[in-house]
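Student: Quick one: the structure is below, questions incoming.
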Amino acid sequence: MNIALSSLVSRSLIDVEVDSDIQKTLMYLLCKEPCKNHRLLHKTPRALQLQQTPNESSSRRSKVQRGSIGNLSQLHDLKAFQIASETHIHTLGATGILLVVAKVLATVAYTAEDEQQRRTFLETRQSLEVKLVIEEQSAEQERLLLSVLPEHVAVQMRKDLDQADSQFKKIYMSRHENVSILYADIVGFTAISSTYSAQELVKMLNELFARFDKLAEKYQQLRIKILGDCYYCISGAPIERPDHAVLCVHMGLSMVKAIKYVQQTANSPVDMRVGIHTGAVLAGVLGQRQWQFDVYSKDVELANKMESAGLPGRVHISATTLSFLNGEFEVEPGYGEKRDEVLRIAGLKTYFIVKVLK
């Protein structure tokens, strides 16, 4: 088709005697884009049509040739504009593609970073939750351990538990000198136990012993244990202090006052019998599965006998305890050695506390 158009244009241009450069330009345009420039085939001959008659003047021929050259110049300008437009379009297209690609990459990067931050946040949150659970469990274990063992023993055992697997083979036992031992028993407990149900009785004892624990904290006493209706504690261990006997007597007097709560609640003549003795003790933990902290010595047995040989509503002390009171209490003879064989054999004189002097 291009060959046919070229032949036709050549014949048309030859017929109108167009300059050879113009012919070449028209031929190039028709061959390059025949569809867009097909009108050139019809327009050029009409624009450049020259009647080759003997009578045609040279001015007419020159005018037509100048018009043809103007048309060709317009064609050149049109082609240049078309090329510039296409270049601009291509540039805009490339810029648009780059912007889209940049937007997509930015979106992908933001999504990845956001996902990473979310994952990091969740992992941190889970770690904190696990840490809080571990701390709560540790605090609960510590509380349970302290409810069974004194703090100084519990701390040492915790350290040993973390260091070795043979912690149960270690014996936690220590000797303490100049310790005052207090035994207290509820007189008339058997009578009220037959009057109240087991649930009401346990509730009443729990409230009473809770008051005793507060008094023990106030007077620096170390509660050893509760045996039924018997409560006993020591003063002067594990930390030694010179006023252990004075604090122990104040504890006994306060317990006698506290029993009035049970008297009013149960409407029963229950009372407290308190015995105190001072001496040396062995304090430690026995057992491998069920730990039990206790004190052991002959002086502990004598303190127990001081309680059983005492009288309701009175604080019964030994002569050894009296020697540590420094005259802060008024006392009177207790004659406990006449009421208990063990005290008599031990040659231990006893006294009752009358009132506080200092």
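Ordering of the structure tokens sets the chain letters (A, B, ...), residue numbers begin anew at 1 in every chain, and ligands are numbered from 1 in the order given.
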What's around Ala216 (chain A) at 12 Å? Count only C-alpha atoms, leave out sequence neighbours fewer than 6 positions away in its own chain, and write the answer as an NGL selection string.

Tutor: :A and (182 or 209-210 or 222-224 or 231-235 or 247-255)

Student: Please save C-alpha atoms of the selected residues as a PDB file, in the first residue's frame.

Tutor:
ATOM      1  CA  LEU A 182       4.076 -17.503 127.438  1.00  0.00           C
ATOM      2  CA  PHE A 209      -7.055 -15.533 118.361  1.00  0.00           C
ATOM      3  CA  ALA A 210      -7.039 -12.776 115.720  1.00  0.00           C
ATOM      4  CA  LEU A 222       6.607 -14.476 118.103  1.00  0.00           C
ATOM      5  CA  ARG A 223       3.571 -16.728 118.000  1.00  0.00           C
ATOM      6  CA  ILE A 224       4.598 -20.365 117.966  1.00  0.00           C
ATOM      7  CA  TYR A 231      -2.117 -20.087 122.509  1.00  0.00           C
ATOM      8  CA  TYR A 232       1.597 -19.765 123.145  1.00  0.00           C
ATOM      9  CA  CYS A 233       4.329 -17.364 122.043  1.00  0.00           C
ATOM     10  CA  ILE A 234       7.853 -16.245 122.930  1.00  0.00           C
ATOM     11  CA  SER A 235       9.650 -12.909 123.285  1.00  0.00           C
ATOM     12  CA  LEU A 247       6.718  -7.307 127.010  1.00  0.00           C
ATOM     13  CA  CYS A 248       5.619 -10.857 127.751  1.00  0.00           C
ATOM     14  CA  VAL A 249       3.840  -9.793 130.969  1.00  0.00           C
ATOM     15  CA  HIS A 250       2.081  -6.946 129.126  1.00  0.00           C
ATOM     16  CA  MET A 251       0.977  -9.506 126.535  1.00  0.00           C
ATOM     17  CA  GLY A 252      -0.496 -11.742 129.280  1.00  0.00           C
ATOM     18  CA  LEU A 253      -2.379  -8.912 130.936  1.00  0.00           C
ATOM     19  CA  SER A 254      -3.832  -7.812 127.577  1.00  0.00           C
ATOM     20  CA  MET A 255      -4.976 -11.372 126.846  1.00  0.00           C
TER      21      MET A 255
END

Student: Within 7 Å of region 305-312 of chain A, counting only C-alpha atoms, which residues show up once you throw out same-chain ones fewer than 2 positions away? Write them as a list of chain:residue names, please.

Tutor: A:Tyr183, A:Ala184, A:Val187, A:Asp271, A:Met272, A:Arg273, A:Val274, A:Gly275, A:Ile276, A:Glu301, A:Leu302, A:Ala303, A:Arg314, A:His316, A:Ile317, A:Gly336, A:Arg339, A:Asp340

Student: Atoms to include: N, CA, C and O atoms. Write the selected residues as a compact mmCIF listing (two decimals), in the first residue's frame.

Tutor:
# COMPACT_ATOMS: atom_id res chain seq x y z
N TYR A 183 2.41 -19.21 127.87
CA TYR A 183 1.33 -20.13 127.54
C TYR A 183 0.03 -19.54 128.07
O TYR A 183 -0.03 -19.05 129.21
N ALA A 184 -1.04 -19.60 127.25
CA ALA A 184 -2.35 -19.09 127.66
C ALA A 184 -3.41 -20.11 127.27
O ALA A 184 -3.38 -20.65 126.16
N VAL A 187 -10.07 -21.00 130.10
CA VAL A 187 -10.71 -21.75 131.17
C VAL A 187 -12.21 -21.75 130.93
O VAL A 187 -12.81 -20.69 130.71
N ASP A 271 -12.60 -17.62 131.06
CA ASP A 271 -11.52 -16.73 131.46
C ASP A 271 -10.20 -17.26 130.88
O ASP A 271 -10.16 -18.34 130.29
N MET A 272 -9.14 -16.45 131.10
CA MET A 272 -7.82 -16.83 130.60
C MET A 272 -6.91 -17.17 131.78
O MET A 272 -6.93 -16.51 132.82
N ARG A 273 -6.12 -18.20 131.56
CA ARG A 273 -5.09 -18.58 132.53
C ARG A 273 -3.75 -18.47 131.82
O ARG A 273 -3.52 -19.15 130.82
N VAL A 274 -2.87 -17.60 132.33
CA VAL A 274 -1.62 -17.29 131.63
C VAL A 274 -0.44 -17.67 132.52
O VAL A 274 -0.42 -17.33 133.72
N GLY A 275 0.53 -18.36 131.93
CA GLY A 275 1.76 -18.73 132.65
C GLY A 275 2.97 -18.29 131.84
O GLY A 275 3.02 -18.47 130.61
N ILE A 276 3.99 -17.71 132.54
CA ILE A 276 5.19 -17.20 131.86
C ILE A 276 6.43 -17.71 132.61
O ILE A 276 6.49 -17.65 133.85
N GLU A 301 8.78 -26.60 128.87
CA GLU A 301 7.90 -27.45 129.67
C GLU A 301 7.52 -26.77 130.98
O GLU A 301 6.36 -26.86 131.44
N LEU A 302 8.47 -26.05 131.56
CA LEU A 302 8.16 -25.35 132.81
C LEU A 302 7.16 -24.22 132.56
O LEU A 302 6.28 -23.97 133.40
N ALA A 303 7.27 -23.54 131.41
CA ALA A 303 6.30 -22.48 131.10
C ALA A 303 4.91 -23.07 130.94
O ALA A 303 3.90 -22.47 131.37
N ARG A 314 -5.54 -14.52 135.99
CA ARG A 314 -4.28 -14.06 136.56
C ARG A 314 -3.11 -14.44 135.64
O ARG A 314 -3.17 -15.41 134.89
N HIS A 316 0.54 -15.70 135.79
CA HIS A 316 1.39 -16.47 136.71
C HIS A 316 2.81 -16.48 136.16
O HIS A 316 3.04 -16.99 135.06
N ILE A 317 3.78 -15.91 136.92
CA ILE A 317 5.17 -15.84 136.44
C ILE A 317 6.09 -16.60 137.40
O ILE A 317 5.79 -16.78 138.59
N GLY A 336 2.66 -21.65 143.12
CA GLY A 336 2.39 -22.63 142.08
C GLY A 336 3.09 -23.94 142.31
O GLY A 336 2.61 -25.00 141.88
N ARG A 339 0.92 -26.52 143.78
CA ARG A 339 -0.16 -27.05 142.95
C ARG A 339 0.36 -27.94 141.82
O ARG A 339 -0.44 -28.60 141.16
N ASP A 340 1.68 -27.94 141.59
CA ASP A 340 2.23 -28.75 140.50
C ASP A 340 3.51 -29.42 140.97
O ASP A 340 4.41 -28.76 141.52

Student: Let me make sure I understand: among A:Ser138, A:Gln221, A:Gln156, A:Thr107, which one has the smallest atom-to-atom distance to Val285 (chain A) if we use only C-alpha atoms?

Tutor: A:Gln156

Student: Name all residues at most 7 Å from region 347-354 of chain A (count only C-alpha atoms; drop same-chain ones fewer than 6 positions away) and give them as a list in words.

Tutor: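 Here the qualifying residues turn out to be Arg314, Val315, His316, Ile317, Ser318, Ala319, Phe329, Glu330, Val331, Glu332, Pro333, Gly334, Tyr335, Gly336 and Glu337 of chain A.
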
Student: Output N, CA, C and O atoms for every residue in that selection, as a PDB file, in the first residue's frame.

Tutor:
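Written out: out-v5.pdb:
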ATOM      1  N   ARG A 314      -5.537 -14.522 135.990  1.00  0.00           N
ATOM      2  CA  ARG A 314      -4.279 -14.065 136.560  1.00  0.00           C
ATOM      3  C   ARG A 314      -3.115 -14.437 135.640  1.00  0.00           C
ATOM      4  O   ARG A 314      -3.166 -15.413 134.889  1.00  0.00           O
ATOM      5  N   VAL A 315      -2.063 -13.587 135.746  1.00  0.00           N
ATOM      6  CA  VAL A 315      -0.824 -13.863 135.008  1.00  0.00           C
ATOM      7  C   VAL A 315       0.169 -14.431 136.007  1.00  0.00           C
ATOM      8  O   VAL A 315       0.594 -13.742 136.957  1.00  0.00           O
ATOM      9  N   HIS A 316       0.542 -15.698 135.792  1.00  0.00           N
ATOM     10  CA  HIS A 316       1.388 -16.466 136.711  1.00  0.00           C
ATOM     11  C   HIS A 316       2.814 -16.479 136.160  1.00  0.00           C
ATOM     12  O   HIS A 316       3.044 -16.987 135.063  1.00  0.00           O
ATOM     13  N   ILE A 317       3.783 -15.914 136.924  1.00  0.00           N
ATOM     14  CA  ILE A 317       5.167 -15.841 136.439  1.00  0.00           C
ATOM     15  C   ILE A 317       6.088 -16.600 137.395  1.00  0.00           C
ATOM     16  O   ILE A 317       5.786 -16.785 138.591  1.00  0.00           O
ATOM     17  N   SER A 318       7.244 -17.027 136.860  1.00  0.00           N
ATOM     18  CA  SER A 318       8.243 -17.703 137.680  1.00  0.00           C
ATOM     19  C   SER A 318       9.202 -16.680 138.271  1.00  0.00           C
ATOM     20  O   SER A 318       9.258 -15.515 137.849  1.00  0.00           O
ATOM     21  N   ALA A 319       9.996 -17.143 139.224  1.00  0.00           N
ATOM     22  CA  ALA A 319      10.991 -16.263 139.850  1.00  0.00           C
ATOM     23  C   ALA A 319      12.036 -15.830 138.832  1.00  0.00           C
ATOM     24  O   ALA A 319      12.576 -14.719 138.908  1.00  0.00           O
ATOM     25  N   PHE A 329       6.427  -4.107 137.810  1.00  0.00           N
ATOM     26  CA  PHE A 329       5.109  -4.655 138.160  1.00  0.00           C
ATOM     27  C   PHE A 329       5.095  -4.990 139.649  1.00  0.00           C
ATOM     28  O   PHE A 329       6.108  -5.388 140.238  1.00  0.00           O
ATOM     29  N   GLU A 330       3.920  -4.839 140.216  1.00  0.00           N
ATOM     30  CA  GLU A 330       3.716  -5.303 141.590  1.00  0.00           C
ATOM     31  C   GLU A 330       3.291  -6.760 141.546  1.00  0.00           C
ATOM     32  O   GLU A 330       2.415  -7.135 140.761  1.00  0.00           O
ATOM     33  N   VAL A 331       3.916  -7.577 142.393  1.00  0.00           N
ATOM     34  CA  VAL A 331       3.638  -9.017 142.366  1.00  0.00           C
ATOM     35  C   VAL A 331       3.267  -9.497 143.772  1.00  0.00           C
ATOM     36  O   VAL A 331       3.523  -8.808 144.781  1.00  0.00           O
ATOM     37  N   GLU A 332       2.736 -10.695 143.812  1.00  0.00           N
ATOM     38  CA  GLU A 332       2.439 -11.377 145.067  1.00  0.00           C
ATOM     39  C   GLU A 332       2.735 -12.862 144.889  1.00  0.00           C
ATOM     40  O   GLU A 332       2.737 -13.365 143.764  1.00  0.00           O
ATOM     41  N   PRO A 333       2.990 -13.567 145.980  1.00  0.00           N
ATOM     42  CA  PRO A 333       3.341 -15.001 145.862  1.00  0.00           C
ATOM     43  C   PRO A 333       2.227 -15.792 145.185  1.00  0.00           C
ATOM     44  O   PRO A 333       1.032 -15.563 145.426  1.00  0.00           O
ATOM     45  N   GLY A 334       2.629 -16.723 144.288  1.00  0.00           N
ATOM     46  CA  GLY A 334       1.639 -17.514 143.571  1.00  0.00           C
ATOM     47  C   GLY A 334       1.507 -18.921 144.087  1.00  0.00           C
ATOM     48  O   GLY A 334       0.472 -19.576 143.875  1.00  0.00           O
ATOM     49  N   TYR A 335       2.546 -19.437 144.750  1.00  0.00           N
ATOM     50  CA  TYR A 335       2.545 -20.785 145.333  1.00  0.00           C
ATOM     51  C   TYR A 335       2.192 -21.852 144.296  1.00  0.00           C
ATOM     52  O   TYR A 335       1.506 -22.828 144.585  1.00  0.00           O
ATOM     53  N   GLY A 336       2.664 -21.649 143.116  1.00  0.00           N
ATOM     54  CA  GLY A 336       2.387 -22.635 142.078  1.00  0.00           C
ATOM     55  C   GLY A 336       3.089 -23.941 142.311  1.00  0.00           C
ATOM     56  O   GLY A 336       2.609 -25.003 141.882  1.00  0.00           O
ATOM     57  N   GLU A 337       4.216 -23.919 143.044  1.00  0.00           N
ATOM     58  CA  GLU A 337       4.955 -25.150 143.333  1.00  0.00           C
ATOM     59  C   GLU A 337       4.147 -26.089 144.211  1.00  0.00           C
ATOM     60  O   GLU A 337       4.401 -27.304 144.248  1.00  0.00           O
TER      61      GLU A 337
END

Student: Counting only C-alpha atoms, figure out which residue out of A:Val256, A:Leu205, A:Ile226, A:Leu322 gets nearest to His244 (chain A).

Tutor: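 For His244 (chain A), the nearest of the candidates is A:Leu322.
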
Student: Out of A:Asp213, A:Asp243, A:Asp160, A:Asp294, which residue has the shortest atom-to-atom distance to Ser323 (chain A) when counting only C-alpha atoms?

Tutor: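 Among the listed residues, the smallest separation from Ser323 (chain A) belongs to A:Asp243.
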
Student: Would you compute the distance between CA of Leu215 (chain A) and CA of Ala258 (chain A)? Give it in Å to one decimal.

Tutor: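 Pair CA of Leu215 (chain A) / CA of Ala258 (chain A) returns 9.5 Å.
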
Student: So what do you get for CA of Ser180 (chain A) versus CA of Val155 (chain A), distance-wise?

Tutor: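 Answer for the CA of Ser180 (chain A) to CA of Val155 (chain A) separation: 23.9 Å.
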
Student: What does the distance from CA of Lys131 (chain A) to CA of Arg158 (chain A) come to in Å, to one decimal?

Tutor: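 Between CA of Lys131 (chain A) and CA of Arg158 (chain A) the gap works out to 19.3 Å.
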
Student: Check the DSSP output for the backbone and give back, as JSON, numbers by chain, the residues of region 210-302 of chain A in helix (DSSP H, G or I).

Tutor: {"A": [210, 211, 212, 213, 214, 215, 216, 217, 218, 244, 245, 246, 247, 248, 249, 250, 251, 252, 253, 254, 255, 256, 257, 258, 260, 261, 262, 263, 264, 265, 266, 298, 299, 300, 301, 302]}

Student: Counting only C-alpha atoms, figure out which residue out of A:Pro242, A:Leu149, A:Ala280, A:Val262 gets nearest to Asn326 (chain A).

Tutor: A:Pro242

Student: So that I can check the surroundings of Asn267 (chain A), please list as an mmCIF file with all heavy atoms, in the first residue's frame every protein, DNA and RNA residue that reaches within 12 Å of it, counting only C-alpha atoms and ignoring chain neighbours fewer than 4 positions away.

Tutor:
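And here's selection.cif as it stands now:
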data_model
loop_
_atom_site.group_PDB
_atom_site.id
_atom_site.type_symbol
_atom_site.label_atom_id
_atom_site.label_comp_id
_atom_site.auth_asym_id
_atom_site.auth_seq_id
_atom_site.Cartn_x
_atom_site.Cartn_y
_atom_site.Cartn_z
ATOM 1 N N GLY A 188 -12.830 -22.913 130.969
ATOM 2 C CA GLY A 188 -14.259 -23.021 130.737
ATOM 3 C C GLY A 188 -14.594 -23.219 129.264
ATOM 4 O O GLY A 188 -15.761 -23.100 128.856
ATOM 5 N N ALA A 191 -17.089 -26.053 128.607
ATOM 6 C CA ALA A 191 -18.483 -25.741 128.929
ATOM 7 C C ALA A 191 -19.169 -25.029 127.766
ATOM 8 O O ALA A 191 -20.315 -25.365 127.408
ATOM 9 C CB ALA A 191 -18.557 -24.897 130.190
ATOM 10 N N ILE A 192 -18.504 -24.060 127.166
ATOM 11 C CA ILE A 192 -19.149 -23.331 126.063
ATOM 12 C C ILE A 192 -19.175 -24.170 124.785
ATOM 13 O O ILE A 192 -20.014 -23.948 123.912
ATOM 14 C CB ILE A 192 -18.464 -21.983 125.804
ATOM 15 C CG1 ILE A 192 -17.011 -22.186 125.339
ATOM 16 C CG2 ILE A 192 -18.496 -21.101 127.023
ATOM 17 C CD1 ILE A 192 -16.322 -20.900 124.923
ATOM 18 N N THR A 195 -22.379 -25.821 124.437
ATOM 19 C CA THR A 195 -23.521 -24.924 124.272
ATOM 20 C C THR A 195 -23.671 -24.450 122.837
ATOM 21 O O THR A 195 -24.797 -24.314 122.336
ATOM 22 C CB THR A 195 -23.368 -23.694 125.191
ATOM 23 O OG1 THR A 195 -23.170 -24.137 126.534
ATOM 24 C CG2 THR A 195 -24.593 -22.799 125.123
ATOM 25 N N TYR A 196 -22.565 -24.236 122.148
ATOM 26 C CA TYR A 196 -22.583 -23.689 120.787
ATOM 27 C C TYR A 196 -22.238 -24.772 119.764
ATOM 28 O O TYR A 196 -21.592 -25.785 120.097
ATOM 29 C CB TYR A 196 -21.586 -22.534 120.666
ATOM 30 C CG TYR A 196 -21.992 -21.296 121.436
ATOM 31 C CD1 TYR A 196 -21.641 -21.142 122.773
ATOM 32 C CD2 TYR A 196 -22.747 -20.296 120.825
ATOM 33 C CE1 TYR A 196 -22.009 -20.014 123.480
ATOM 34 C CE2 TYR A 196 -23.123 -19.164 121.536
ATOM 35 C CZ TYR A 196 -22.753 -19.025 122.855
ATOM 36 O OH TYR A 196 -23.123 -17.917 123.557
ATOM 37 N N ILE A 259 -10.229 -11.585 126.757
ATOM 38 C CA ILE A 259 -11.167 -12.705 126.917
ATOM 39 C C ILE A 259 -12.549 -12.219 127.320
ATOM 40 O O ILE A 259 -13.547 -12.951 127.191
ATOM 41 C CB ILE A 259 -10.634 -13.717 127.951
ATOM 42 C CG1 ILE A 259 -11.383 -15.056 127.848
ATOM 43 C CG2 ILE A 259 -10.748 -13.142 129.350
ATOM 44 C CD1 ILE A 259 -11.162 -15.755 126.542
ATOM 45 N N LYS A 260 -12.636 -10.976 127.772
ATOM 46 C CA LYS A 260 -13.946 -10.433 128.145
ATOM 47 C C LYS A 260 -14.869 -10.354 126.930
ATOM 48 O O LYS A 260 -16.093 -10.365 127.079
ATOM 49 C CB LYS A 260 -13.774 -9.047 128.779
ATOM 50 C CG LYS A 260 -13.047 -9.080 130.114
ATOM 51 C CD LYS A 260 -12.913 -7.692 130.705
ATOM 52 C CE LYS A 260 -12.182 -7.736 132.045
ATOM 53 N NZ LYS A 260 -12.025 -6.383 132.645
ATOM 54 N N TYR A 261 -14.258 -10.281 125.718
ATOM 55 C CA TYR A 261 -15.072 -10.291 124.494
ATOM 56 C C TYR A 261 -15.871 -11.590 124.407
ATOM 57 O O TYR A 261 -17.076 -11.588 124.099
ATOM 58 C CB TYR A 261 -14.164 -10.123 123.279
ATOM 59 C CG TYR A 261 -14.761 -10.616 121.981
ATOM 60 C CD1 TYR A 261 -15.729 -9.876 121.307
ATOM 61 C CD2 TYR A 261 -14.377 -11.847 121.450
ATOM 62 C CE1 TYR A 261 -16.279 -10.351 120.138
ATOM 63 C CE2 TYR A 261 -14.916 -12.322 120.271
ATOM 64 C CZ TYR A 261 -15.877 -11.568 119.613
ATOM 65 O OH TYR A 261 -16.432 -12.027 118.457
ATOM 66 N N VAL A 262 -15.198 -12.699 124.702
ATOM 67 C CA VAL A 262 -15.879 -13.999 124.657
ATOM 68 C C VAL A 262 -16.912 -14.089 125.780
ATOM 69 O O VAL A 262 -17.999 -14.646 125.612
ATOM 70 C CB VAL A 262 -14.859 -15.144 124.742
ATOM 71 C CG1 VAL A 262 -15.557 -16.495 124.716
ATOM 72 C CG2 VAL A 262 -13.858 -15.057 123.603
ATOM 73 N N GLN A 263 -16.595 -13.528 126.945
ATOM 74 C CA GLN A 263 -17.547 -13.554 128.056
ATOM 75 C C GLN A 263 -18.842 -12.847 127.685
ATOM 76 O O GLN A 263 -19.941 -13.321 127.988
ATOM 77 C CB GLN A 263 -16.924 -12.898 129.297
ATOM 78 C CG GLN A 263 -15.740 -13.649 129.881
ATOM 79 C CD GLN A 263 -15.082 -12.902 131.022
ATOM 80 O OE1 GLN A 263 -15.436 -11.753 131.310
ATOM 81 N NE2 GLN A 263 -14.121 -13.538 131.688
ATOM 82 N N ASP A 271 -12.605 -17.616 131.056
ATOM 83 C CA ASP A 271 -11.523 -16.734 131.462
ATOM 84 C C ASP A 271 -10.204 -17.262 130.881
ATOM 85 O O ASP A 271 -10.158 -18.344 130.288
ATOM 86 C CB ASP A 271 -11.441 -16.652 132.988
ATOM 87 C CG ASP A 271 -11.029 -15.263 133.461
ATOM 88 O OD1 ASP A 271 -10.282 -14.599 132.703
ATOM 89 O OD2 ASP A 271 -11.427 -14.851 134.569
#

Student: From the set A:Leu98, A:Thr91, A:Thr120, A:Trp291, which residue has the shortest atom-to-atom contact distance to Met157 (chain A), counting only C-alpha atoms?

Tutor: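 Residue with the minimum atom-to-atom distance to Met157 (chain A): A:Trp291.
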